[in-house]
file work-v3.pdb (PDB, C-alpha atoms)
ATOM      1  CA  MET F   1     109.093 158.279 -79.911
ATOM      2  CA  ARG F   2     112.367 157.842 -78.090
ATOM      3  CA  HIS F   3     114.082 155.326 -80.375
ATOM      4  CA  GLY F   4     117.885 155.412 -80.437
ATOM      5  CA  LEU F   5     118.277 158.367 -78.096
ATOM      6  CA  ALA F   6     120.925 157.740 -75.491
ATOM      7  CA  GLY F   7     122.433 159.854 -72.759
ATOM      8  CA  ASN F   8     121.193 162.564 -70.467
ATOM      9  CA  LYS F   9     120.954 166.140 -71.774
ATOM     10  CA  PHE F  10     121.175 167.822 -68.331
ATOM     11  CA  GLY F  11     118.932 170.584 -69.703
ATOM     12  CA  ARG F  12     121.793 171.895 -71.833
ATOM     13  CA  ASN F  13     122.532 172.131 -75.514
ATOM     14  CA  GLN F  14     125.100 169.836 -77.105
ATOM     15  CA  THR F  15     128.177 172.025 -76.604
ATOM     16  CA  LEU F  16     127.413 172.844 -72.967
ATOM     17  CA  ARG F  17     126.724 169.166 -72.247
ATOM     18  CA  ALA F  18     130.068 168.192 -73.789
ATOM     19  CA  ALA F  19     131.829 170.896 -71.770
ATOM     20  CA  THR F  20     130.209 169.643 -68.554
ATOM     21  CA  LEU F  21     131.310 166.072 -69.222
ATOM     22  CA  ARG F  22     134.829 167.209 -70.173
ATOM     23  CA  ASP F  23     135.153 169.196 -66.950
ATOM     24  CA  LEU F  24     133.929 166.264 -64.871
ATOM     25  CA  ALA F  25     136.428 163.929 -66.569
ATOM     26  CA  ARG F  26     139.249 166.427 -65.995
ATOM     27  CA  ALA F  27     138.317 166.677 -62.328
ATOM     28  CA  VAL F  28     138.318 162.889 -61.953
ATOM     29  CA  PHE F  29     141.811 162.606 -63.438
ATOM     30  CA  LYS F  30     143.102 165.514 -61.381
ATOM     31  CA  HIS F  31     141.623 164.571 -57.983
ATOM     32  CA  GLU F  32     140.826 160.854 -58.540
ATOM     33  CA  ARG F  33     137.557 161.331 -56.636
ATOM     34  CA  ILE F  34     134.779 163.871 -57.127
ATOM     35  CA  ARG F  35     131.365 164.501 -55.637
ATOM     36  CA  THR F  36     128.575 165.132 -58.131
ATOM     37  CA  THR F  37     124.987 164.191 -58.925
ATOM     38  CA  ARG F  38     124.206 160.647 -59.936
ATOM     39  CA  ALA F  39     123.014 161.611 -63.441
ATOM     40  CA  LYS F  40     126.214 163.525 -64.223
ATOM     41  CA  ALA F  41     128.396 160.796 -62.712
ATOM     42  CA  VAL F  42     126.813 158.079 -64.850
ATOM     43  CA  GLU F  43     127.467 160.066 -68.026
ATOM     44  CA  ALA F  44     130.978 161.166 -66.995
ATOM     45  CA  ARG F  45     131.862 157.584 -66.096
ATOM     46  CA  LYS F  46     131.446 156.553 -69.737
ATOM     47  CA  LEU F  47     133.876 159.232 -70.897
ATOM     48  CA  VAL F  48     136.422 158.506 -68.149
ATOM     49  CA  ASP F  49     136.415 154.786 -68.951
ATOM     50  CA  ARG F  50     136.953 155.519 -72.653
ATOM     51  CA  LEU F  51     139.866 157.835 -71.880
ATOM     52  CA  ILE F  52     141.541 155.269 -69.622
ATOM     53  CA  THR F  53     141.192 152.695 -72.397
ATOM     54  CA  LEU F  54     142.920 155.174 -74.727
ATOM     55  CA  GLY F  55     145.637 155.617 -72.115
ATOM     56  CA  LYS F  56     146.295 151.891 -72.091
ATOM     57  CA  GLU F  57     146.990 151.981 -75.853
ATOM     58  CA  ASN F  58     149.791 154.533 -75.374
ATOM     59  CA  THR F  59     150.096 155.567 -79.006
ATOM     60  CA  LEU F  60     150.478 159.040 -80.473
ATOM     61  CA  ALA F  61     147.016 158.821 -82.038
ATOM     62  CA  ALA F  62     145.522 157.866 -78.678
ATOM     63  CA  LYS F  63     147.277 160.795 -77.006
ATOM     64  CA  ARG F  64     145.881 163.180 -79.611
ATOM     65  CA  ARG F  65     142.367 161.806 -79.167
ATOM     66  CA  ALA F  66     142.660 162.173 -75.383
ATOM     67  CA  PHE F  67     143.955 165.728 -75.779
ATOM     68  CA  SER F  68     140.974 166.601 -77.984
ATOM     69  CA  VAL F  69     138.746 165.798 -75.002
ATOM     70  CA  LEU F  70     140.834 166.927 -72.016
ATOM     71  CA  ILE F  71     142.542 169.957 -73.635
ATOM     72  CA  ASP F  72     145.373 169.884 -71.092
ATOM     73  CA  HIS F  73     148.857 168.525 -71.828
ATOM     74  CA  GLY F  74     149.581 167.927 -68.138
ATOM     75  CA  LEU F  75     146.473 165.809 -67.650
ATOM     76  CA  VAL F  76     147.107 163.846 -70.835
ATOM     77  CA  SER F  77     150.651 163.005 -69.746
ATOM     78  CA  ALA F  78     149.384 162.082 -66.262
ATOM     79  CA  LEU F  79     146.723 159.870 -67.844
ATOM     80  CA  PHE F  80     149.211 158.034 -70.066
ATOM     81  CA  ASN F  81     152.132 157.875 -67.610
ATOM     82  CA  THR F  82     150.567 157.330 -64.185
ATOM     83  CA  ILE F  83     146.825 156.654 -64.291
ATOM     84  CA  ALA F  84     146.398 154.215 -67.211
ATOM     85  CA  PRO F  85     149.336 151.933 -66.217
ATOM     86  CA  ARG F  86     147.536 151.212 -62.920
ATOM     87  CA  PHE F  87     144.741 149.582 -64.935
ATOM     88  CA  LYS F  88     146.888 147.462 -67.278
ATOM     89  CA  ASN F  89     145.589 144.171 -65.816
ATOM     90  CA  ARG F  90     141.963 145.300 -65.632
ATOM     91  CA  GLN F  91     139.575 144.797 -68.558
ATOM     92  CA  GLY F  92     137.074 147.447 -67.526
ATOM     93  CA  GLY F  93     135.384 148.876 -64.465
ATOM     94  CA  TYR F  94     137.867 151.697 -64.015
ATOM     95  CA  THR F  95     135.467 153.833 -61.982
ATOM     96  CA  ARG F  96     132.969 153.288 -59.191
ATOM     97  CA  LEU F  97     129.981 155.215 -57.905
ATOM     98  CA  ILE F  98     129.419 155.438 -54.165
ATOM     99  CA  LYS F  99     126.028 156.806 -53.128
ATOM    100  CA  PHE F 100     125.633 159.280 -50.299
ATOM    101  CA  ALA F 101     122.979 158.554 -47.685
ATOM    102  CA  VAL F 102     121.655 162.116 -47.793
ATOM    103  CA  ASN F 103     120.535 163.913 -50.931
ATOM    104  CA  ARG F 104     121.566 167.473 -51.744
ATOM    105  CA  PRO F 105     119.564 170.010 -49.782
ATOM    106  CA  GLY F 106     117.619 172.419 -51.931
ATOM    107  CA  ASP F 107     116.711 170.255 -54.903
ATOM    108  CA  ASN F 108     116.996 166.789 -53.284
ATOM    109  CA  ALA F 109     119.363 165.577 -56.038
ATOM    110  CA  GLU F 110     120.948 162.190 -55.439
ATOM    111  CA  MET F 111     124.665 162.732 -54.748
ATOM    112  CA  VAL F 112     127.458 160.232 -55.409
ATOM    113  CA  LEU F 113     131.225 159.959 -55.323
ATOM    114  CA  LEU F 114     132.765 159.152 -58.689
ATOM    115  CA  GLU F 115     136.218 157.712 -58.122
ATOM    116  CA  LEU F 116     138.869 155.632 -59.843
ATOM    117  CA  THR F 117     139.005 152.054 -58.597
ATOM    118  CA  GLU F 118     142.818 151.941 -58.620
ATOM    119  CA  ARG F 119     143.841 155.003 -56.634
ATOM    120  CA  ALA F 120     147.378 156.234 -56.081
ATOM    121  CA  ALA F 121     149.098 155.132 -52.890
ATOM    122  CA  PRO F 122     149.122 157.913 -50.291
ATOM    123  CA  LYS F 123     152.429 159.749 -50.041
ATOM    124  CA  THR F 124     154.344 159.274 -46.803
ATOM    125  CA  ASP F 125     157.205 161.391 -45.586
ATOM    126  CA  ASP F 126     160.233 159.285 -44.705
ATOM    127  CA  LYS F 127     161.306 161.877 -42.151
ATOM    128  CA  LYS F 128     158.066 161.492 -40.225
ATOM    129  CA  VAL F 129     158.473 157.740 -40.188
ATOM    130  CA  GLU F 130     162.080 157.988 -38.983
ATOM    131  CA  ASP F 131     161.261 160.532 -36.284
ATOM    132  CA  ALA F 132     158.230 158.614 -35.047
ATOM    133  CA  GLU F 133     158.570 157.088 -31.625
ATOM    134  CA  VAL F 134     157.630 153.449 -31.214
ATOM    135  CA  VAL F 135     155.297 153.048 -28.266
ATOM    136  CA  ASP F 136     154.507 149.687 -26.745
ATOM    137  CA  ALA F 137     150.830 148.824 -26.718
ATOM    138  CA  VAL F 138     151.239 147.493 -23.154
ATOM    139  CA  ALA F 139     153.077 150.587 -21.859
ATOM    140  CA  LYS F 140     151.710 152.027 -18.674
ATOM    141  CA  PRO F 141     149.927 155.379 -18.838
ATOM    142  CA  ALA F 142     152.266 156.814 -16.189
ATOM    143  CA  GLN F 143     155.268 156.163 -18.424
ATOM    144  CA  LYS F 144     153.605 157.961 -21.330
ATOM    145  CA  THR F 145     152.854 161.047 -19.272
ATOM    146  CA  GLU F 146     156.422 161.110 -17.957
ATOM    147  CA  LYS F 147     157.759 161.028 -21.537
ATOM    148  CA  LYS F 148     155.442 163.870 -22.545
ATOM    149  CA  ALA F 149     156.526 165.961 -19.559
ATOM    150  CA  VAL F 150     160.187 165.429 -20.408
ATOM    151  CA  LYS F 151     159.601 166.469 -24.044
ATOM    152  CA  LYS F 152     157.754 169.632 -22.998
ATOM    153  CA  ALA F 153     160.532 170.564 -20.572
ATOM    154  CA  GLU F 154     163.120 170.166 -23.341
ATOM    155  CA  LYS F 155     161.166 172.270 -25.822
ATOM    156  CA  LYS F 156     160.138 175.270 -23.675
ATOM    157  CA  PRO F 157     162.537 177.034 -21.346
ATOM    158  CA  GLU F 158     160.669 178.280 -18.297
ATOM    159  CA  VAL F 159     160.258 182.030 -18.245
ATOM    160  CA  LYS F 160     158.333 183.748 -15.479
ATOM    161  CA  LYS F 161     155.286 185.760 -16.440
ATOM    162  CA  GLU F 162     156.619 188.785 -14.552
ATOM    163  CA  GLU F 163     159.770 188.853 -16.658
ATOM    164  CA  LYS F 164     157.698 188.751 -19.841
ATOM    165  CA  LYS F 165     155.541 191.678 -18.668
ATOM    166  CA  ALA F 166     158.620 193.684 -17.721
ATOM    167  CA  GLU F 167     160.084 193.149 -21.199
ATOM    168  CA  LYS F 168     156.897 194.228 -22.974
ATOM    169  CA  LYS F 169     156.159 197.427 -21.001
ATOM    170  CA  PRO F 170     159.247 199.428 -22.033
ATOM    171  CA  ALA F 171     158.670 198.537 -25.685
ATOM    172  CA  LYS F 172     155.126 199.901 -25.555
ATOM    173  CA  LYS F 173     156.161 203.139 -23.849
ATOM    174  CA  ALA F 174     158.938 203.730 -26.360
ATOM    175  CA  ALA F 175     156.550 203.164 -29.238
ATOM    176  CA  THR F 176     154.004 205.673 -27.925
ATOM    177  CA  LYS F 177     156.537 208.501 -27.340
TER     178      LYS F 177
END
call {"tool": "encode", "arguments": {"input": "work-v3.pdb", "output": "structure tokens"}}
result
Amino acid sequence: MRHGLAGNKFGRNQTLRAATLRDLARAVFKHERIRTTRAKAVEARKLVDRLITLGKENTLAAKRRAFSVLIDHGLVSALFNTIAPRFKNRQGGYTRLIKFAVNRPGDNAEMVLLELTERAAPKTDDKKVEDAEVVDAVAKPAQKTEKKAVKKAEKKPEVKKEEKKAEKKPAKKAATK
């Protein structure tokens, strides 16, 4: 009978199953989104949610318990300093599963994305924003092509192909002698 048995074994013994779940949890905290099978994602989700709850406590005991699972000081500090504070107003549901339309070729395993619901804002370079040119949505296509032509002329000085060939030939002859 199957009374009281919970969780998926993944065809592994207890230590290998724990290592698999630990590695999945580490990957989620490192990349904030991973692609895995549905069975592994469902089990890893439980561990990730527990670790985020520990991160919200922000005590020394909680940090030690998280380290016993993650075994990485950098990930533990990231969990407690950056990841868990994003979820301070949320009472659960820290992760989501997004199903892929196509199963994995070979064994037809159902694939999903396991991701954190509160993801970090994408980093933007201020220099790129400052250097960006504002283009009117109503601008005529002729004006855009003129601007592109002017930029190309400024970037590349015109050099004739014959001059380039003349410069290369003596270098080759000198190298061969």
call {"tool": "closest_residue", "arguments": {"input": "work-v3.pdb", "among": "F:Thr15, F:Thr82, F:Thr36, F:Asn89", "to": "Val112 in chain F", "atoms": "all atoms listed in the file"}}
result
F:Thr36
call {"tool": "atom_distance", "arguments": {"input": "work-v3.pdb", "atom1": "CA of Thr20 in chain F", "atom2": "CA of Glu57 in chain F"}}
result
25.4 Å
call {"tool": "residues_around", "arguments": {"input": "work-v3.pdb", "residues": "Ala44 in chain F", "least_positions_apart": "6", "cutoff": "8 Å", "atoms": "only C-alpha atoms", "output": "number ranges by chain"}}
result
F: 21-22, 24-25
call {"tool": "atom_distance", "arguments": {"input": "work-v3.pdb", "atom1": "CA of Ala84 in chain F", "atom2": "CA of Thr53 in chain F"}}
result
7.5 Å
call {"tool": "atom_distance", "arguments": {"input": "work-v3.pdb", "atom1": "CA of Arg86 in chain F", "atom2": "CA of Ala27 in chain F"}}
result
18.0 Å
